[in-house]
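Student: For reference, the file upload.txt (compact mmCIF, C-alpha atoms and all ligand atoms) is included below:
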# COMPACT_ATOMS: atom_id res chain seq x y z
CA MET O 625 215.78 56.02 19.68
CA VAL O 626 213.99 56.56 23.00
CA ILE O 627 216.05 55.31 25.95
CA LEU O 628 214.93 55.21 29.58
CA VAL O 629 217.82 56.17 31.89
CA SER O 630 218.38 56.07 35.64
CA ALA O 631 217.82 59.70 36.62
CA CYS O 632 220.94 59.80 38.80
CA LEU O 633 223.14 58.98 35.77
CA LEU O 634 221.87 62.18 34.12
CA GLY O 635 222.94 64.31 37.08
CA LEU O 636 219.60 64.48 38.88
CA PRO O 637 219.86 64.38 42.70
CA THR O 638 217.84 61.19 43.19
CA ARG O 639 220.36 58.99 45.02
CA TYR O 640 219.66 57.75 48.56
CA ASP O 641 222.17 60.32 49.88
CA GLY O 642 220.66 63.20 47.90
CA GLY O 643 223.51 63.18 45.39
CA HIS O 644 223.74 62.04 41.78
CA SER O 645 225.93 59.72 39.71
CA CYS O 646 226.33 61.88 36.60
CA HIS O 647 228.05 59.87 33.86
CA THR O 648 229.46 61.70 30.85
CA GLY O 649 229.16 58.69 28.51
CA VAL O 650 225.47 58.32 29.35
CA MET O 651 224.89 62.08 29.08
CA SER O 652 226.43 62.04 25.59
CA LEU O 653 223.68 59.68 24.38
CA SER O 654 221.38 62.73 24.47
CA LYS O 655 223.08 64.12 21.33
CA LYS O 656 221.37 61.51 19.15
CA HIS O 657 218.69 59.93 21.32
CA LEU O 658 215.74 60.99 23.46
CA LEU O 659 216.56 60.12 27.07
CA ILE O 660 213.75 59.65 29.61
CA PRO O 661 215.07 60.05 33.20
CA VAL O 662 213.38 57.88 35.81
CA CYS O 663 214.09 57.05 39.45
CA PRO O 664 212.12 53.96 40.50
CA GLU O 665 212.78 54.51 44.20
CA GLN O 666 211.32 58.03 44.14
CA LEU O 667 208.40 56.74 42.03
CA GLY O 668 207.80 54.16 44.76
CA GLY O 669 207.25 57.00 47.23
CA LEU O 670 210.57 56.80 49.03
CA PRO O 671 212.01 60.12 50.25
CA THR O 672 215.32 61.67 49.21
CA PRO O 673 217.58 61.42 51.11
CA ARG O 674 216.57 57.95 52.35
CA PRO O 675 218.28 55.10 54.18
CA PRO O 676 220.30 52.90 51.78
CA CYS O 677 218.71 49.54 51.00
CA GLU O 678 220.02 46.23 49.67
CA ARG O 679 218.36 43.15 48.22
CA ALA O 680 218.21 40.25 50.63
CA GLY O 681 216.73 37.16 49.06
CA GLY O 682 213.32 38.14 47.73
CA LEU O 683 213.14 41.26 49.94
CA VAL O 684 214.65 44.73 49.95
CA LEU O 685 215.72 45.84 53.42
CA ASP O 686 217.35 48.90 54.92
CA GLN O 687 220.24 48.50 57.33
CA ALA O 688 217.87 48.42 60.32
CA GLY O 689 216.09 45.45 58.72
CA THR O 690 212.96 47.42 57.78
CA ASP O 691 211.20 45.81 54.83
CA LYS O 692 210.99 48.29 51.92
CA THR O 693 210.08 45.70 49.31
CA ALA O 694 206.59 47.11 48.59
CA ALA O 695 207.95 50.57 47.71
CA PHE O 696 210.62 49.07 45.45
CA VAL O 697 208.05 46.92 43.65
CA SER O 698 205.56 49.76 43.15
CA GLY O 699 208.36 52.05 41.95
CA ALA O 700 209.51 49.43 39.47
CA GLU O 701 205.95 49.03 38.17
CA ALA O 702 205.55 52.81 37.75
CA ALA O 703 208.90 53.05 35.93
CA MET O 704 207.81 50.18 33.67
CA LYS O 705 204.66 52.14 32.78
CA ILE O 706 206.83 55.14 31.81
CA TYR O 707 209.03 52.85 29.69
CA LYS O 708 205.98 51.68 27.75
CA LEU O 709 204.17 55.05 27.60
CA CYS O 710 207.23 56.78 26.16
CA GLY O 711 207.95 54.03 23.63
CA CYS O 712 211.37 53.29 25.06
CA GLU O 713 213.42 50.67 23.23
CA ALA O 714 216.16 50.15 25.81
CA ALA O 715 217.18 51.19 29.32
CA VAL O 716 220.51 52.37 30.68
CA LEU O 717 220.51 51.82 34.43
CA LYS O 718 222.86 52.46 37.33
CA ALA O 719 225.01 49.43 38.10
CA ARG O 720 224.75 47.66 41.47
CA SER O 721 221.65 49.54 42.72
CA PRO O 722 218.93 47.48 44.48
CA SER O 723 216.46 48.97 41.97
CA CYS O 724 218.51 49.58 38.85
CA GLY O 725 221.47 47.16 39.08
CA LYS O 726 221.92 44.48 36.43
CA GLY O 727 223.84 41.24 36.95
CA LEU O 728 225.46 42.29 40.23
CA VAL O 729 223.94 43.90 43.33
CA TYR O 730 225.02 44.40 46.93
CA ASP O 731 224.37 41.24 48.89
CA GLY O 732 222.28 42.50 51.81
CA SER O 733 225.13 42.54 54.33
CA PHE O 734 225.83 46.30 53.93
CA SER O 735 229.51 45.47 53.77
CA GLY O 736 230.15 46.42 50.15
CA LYS O 737 230.01 42.77 49.00
CA LEU O 738 228.38 42.03 45.65
CA THR O 739 226.36 39.03 44.59
CA ASN O 740 224.79 37.87 41.32
CA GLY O 741 221.37 39.35 40.69
CA ASN O 742 219.40 42.30 39.40
CA GLY O 743 217.75 45.28 41.03
CA VAL O 744 213.95 45.11 41.28
CA PHE O 745 213.30 47.39 38.25
CA SER O 746 216.00 45.76 36.16
CA ASP O 747 214.40 42.38 36.93
CA LEU O 748 211.02 43.64 35.75
CA LEU O 749 212.48 45.02 32.51
CA GLU O 750 214.21 41.72 31.78
CA LYS O 751 210.97 39.81 32.47
CA ASN O 752 209.30 42.06 29.86
CA ALA O 753 212.13 41.36 27.37
CA CYS O 754 213.33 44.99 27.45
CA PRO O 755 217.06 45.44 26.72
CA VAL O 756 218.95 46.68 29.80
CA TYR O 757 222.48 48.12 29.90
CA THR O 758 224.43 49.62 32.77
CA GLU O 759 226.58 52.72 32.49
CA ASP O 760 229.52 50.31 32.20
CA GLU O 761 227.99 48.84 29.01
CA ILE O 762 227.56 52.00 26.93
CA ASP O 763 230.04 50.74 24.33
CA MET O 764 227.97 47.55 23.97
CA LEU O 765 224.80 49.62 23.47
CA LEU O 766 226.48 51.84 20.87
CA GLN O 767 227.76 48.75 19.02
CA THR O 768 224.25 47.23 18.99
CA LEU O 769 222.81 50.48 17.64
CA LYS O 770 225.46 50.54 14.92
CA GLU O 771 224.69 46.95 13.90
CA ASP O 772 220.95 47.83 13.78
CA GLY O 773 221.72 50.80 11.56
CA SER O 774 220.52 53.30 14.20
CA PRO O 775 222.44 56.54 14.82
CA GLY O 776 224.99 55.68 17.50
FE1 LIG E 801 219.54 56.13 40.59
FE2 LIG E 801 217.99 53.99 40.25
FE3 LIG E 801 218.88 54.64 42.67
FE4 LIG E 801 217.03 56.17 41.53
S1 LIG E 801 216.79 54.04 42.12
S2 LIG E 801 218.88 56.89 42.56
S3 LIG E 801 217.65 56.06 39.41
S4 LIG E 801 220.12 54.00 40.93
When written as structure tokens, how does the structure in this file appear?
Tutor:
Amino acid sequence: MVILVSACLLGLPTRYDGGHSCHTGVMSLSKKHLLIPVCPEQLGGLPTPRPPCERAGGLVLDQAGTDKTAAFVSGAEAAMKIYKLCGCEAAVLKARSPSCGKGLVYDGSFSGKLTNGNGVFSDLLEKNACPVYTEDEIDMLLQTLKEDGSPG
């Protein structure tokens, strides 16, 4: 199976602070699956390191209130193209990120508070009916693969 993965979960230094979020459970998927690392924020032309951003209503803002929505949207569209070009069948994305988060994201107050919602790329994947999992849902993904008869 071809799975698109948030690049930071595979140990690549794509995070806003120049670090990564390497996750051993996600890394282990590479034993049986082809993983395609993607960072929508870098694809949107944002630098690394970069100021952290949060979703605020329909916008994505940095802490100074600068509107970064256009870069997040173009990065999500580029990442979606990679998903389709590579024949991906699912995505495993970093939880809580304003691009990659699924179900819960930071609420725009830069105070660590979470609110219901998706990151911009995760939203686009869901609109295109692409299955999205976070690194906290690896077990769910493996179970689904097992039920489908795919190598887990
Ligand atoms: Fe990781 Fe996604 Fe943030 Fe890029 S945009 S650093 S892949 S969480």
Student: Could I get the residue neighbourhood of ligand LIG 801 (chain E) at 7 Å, counting only C-alpha atoms and all ligand atoms, as a ChimeraX atom specification?
Tutor: /O:630-633,638-640,662-666,717-718,721,723-724
Student: Take CA of Lys692 in chain O and CA of Leu670 in chain O and report the distance between them in Å, one decimal.
Tutor: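 Between CA of Lys692 in chain O and CA of Leu670 in chain O the gap is 9.0 Å.
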Student: Which residue, O:Asp686, O:Gly743, O:Ile706, O:Glu759, has the smallest gap to Ser645 in chain O when you use all atoms listed in the file?
Tutor: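 Counting all atoms listed in the file, the residue closest to Ser645 in chain O is O:Glu759.
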Student: What does the distance between CA of Arg720 in chain O and CA of Phe734 in chain O come to in Å, to one decimal place?
Tutor: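 We find that CA of Arg720 in chain O and CA of Phe734 in chain O lie 12.6 Å from each other.
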Student: Please compute the CA of Leu685 in chain O-CA of Gly732 in chain O distance, one decimal, in Å.
Tutor: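 Going from CA of Leu685 in chain O over to CA of Gly732 in chain O covers 7.5 Å.
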Student: Fewer than 6 positions away in the same chain doesn't count, so skip those; otherwise give me all residues within 12 Å of Ser733 in chain O, counting only C-alpha atoms, as a ChimeraX atom specification.
Tutor: /O:676-681,684-689,739
Student: Pull the neighbourhood of (215.3, 44.9, 32.4) for me: all residues within 10 Å in file coordinates, counting only C-alpha atoms, as an MDAnalysis selection string.
Tutor: chainID O and resid 704 714:717 724:726 742:757
Student: Which of these, O:Thr768, O:Thr693, O:Ser698, O:Ser735, has the shortest distance to Pro722 in chain O once you count all atoms listed in the file?
Tutor: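 The shortest atom-to-atom distance to Pro722 in chain O comes from O:Thr693.
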Student: List the neighbours of Val626 in chain O out to 10 Å using all atoms listed in the file; skip same-chain residues closer than 4 positions along the sequence, and give me the result as a PyMOL selection string.
Tutor: chain O and resi 654+656-660+707+710-715
Student: Counting all atoms listed in the file, which residue out of O:Gly669, O:Leu769, O:Phe696, O:Met651 sits closest to Gly682 in chain O?
Tutor: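 Of O:Gly669, O:Leu769, O:Phe696, O:Met651, the one nearest Gly682 in chain O is O:Phe696, counting all atoms listed in the file.
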Student: Find, counting only C-alpha atoms, the residue in O:Ile762, O:Ala702, O:Ala694, O:Ile627 that gets nearest to Thr648 in chain O.
Tutor: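 Closest to Thr648 in chain O, using only C-alpha atoms: O:Ile762.
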Student: My list of candidates is O:Ala719, O:Leu667, O:Leu728, O:Met764. Which is closest to Lys705 in chain O when distances are computed with only C-alpha atoms?
Tutor: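 The closest residue to Lys705 in chain O is O:Leu667.
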Student: What would range 748-760 of chain O look like with N, CA, C and O atoms restored, written as a short mmCIF file (atom, residue, chain, number, x, y, z; two decimals), in the frame of the given file?
Tutor:
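selection_21.cif, freshly written:
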data_model
loop_
_atom_site.label_atom_id
_atom_site.label_comp_id
_atom_site.auth_asym_id
_atom_site.auth_seq_id
_atom_site.Cartn_x
_atom_site.Cartn_y
_atom_site.Cartn_z
N LEU O 748 212.31 43.49 36.42
CA LEU O 748 211.02 43.64 35.75
C LEU O 748 211.21 43.92 34.25
O LEU O 748 210.49 43.37 33.41
N LEU O 749 212.20 44.75 33.92
CA LEU O 749 212.48 45.02 32.51
C LEU O 749 212.89 43.74 31.79
O LEU O 749 212.42 43.45 30.69
N GLU O 750 213.75 42.96 32.43
CA GLU O 750 214.21 41.72 31.78
C GLU O 750 213.04 40.75 31.59
O GLU O 750 212.94 40.08 30.57
N LYS O 751 212.14 40.70 32.59
CA LYS O 751 210.97 39.81 32.47
C LYS O 751 210.09 40.24 31.30
O LYS O 751 209.36 39.45 30.71
N ASN O 752 210.09 41.53 30.99
CA ASN O 752 209.30 42.06 29.86
C ASN O 752 210.12 42.12 28.57
O ASN O 752 209.72 42.79 27.62
N ALA O 753 211.27 41.45 28.56
CA ALA O 753 212.13 41.36 27.37
C ALA O 753 212.61 42.73 26.88
O ALA O 753 212.75 42.95 25.68
N CYS O 754 212.80 43.66 27.80
CA CYS O 754 213.33 44.99 27.45
C CYS O 754 214.85 44.98 27.61
O CYS O 754 215.34 44.55 28.66
N PRO O 755 215.60 45.45 26.60
CA PRO O 755 217.06 45.44 26.72
C PRO O 755 217.55 46.39 27.82
O PRO O 755 217.13 47.54 27.88
N VAL O 756 218.41 45.88 28.68
CA VAL O 756 218.95 46.68 29.80
C VAL O 756 220.47 46.72 29.70
O VAL O 756 221.12 45.69 29.48
N TYR O 757 221.03 47.91 29.85
CA TYR O 757 222.48 48.12 29.90
C TYR O 757 222.80 48.91 31.16
O TYR O 757 221.97 49.69 31.63
N THR O 758 223.98 48.73 31.70
CA THR O 758 224.43 49.62 32.77
C THR O 758 225.31 50.70 32.16
O THR O 758 225.67 50.63 30.98
N GLU O 759 225.70 51.66 32.99
CA GLU O 759 226.58 52.72 32.49
C GLU O 759 227.94 52.15 32.09
O GLU O 759 228.68 52.78 31.33
N ASP O 760 228.26 50.95 32.57
CA ASP O 760 229.52 50.31 32.20
C ASP O 760 229.42 49.60 30.84
O ASP O 760 230.41 49.04 30.36
#
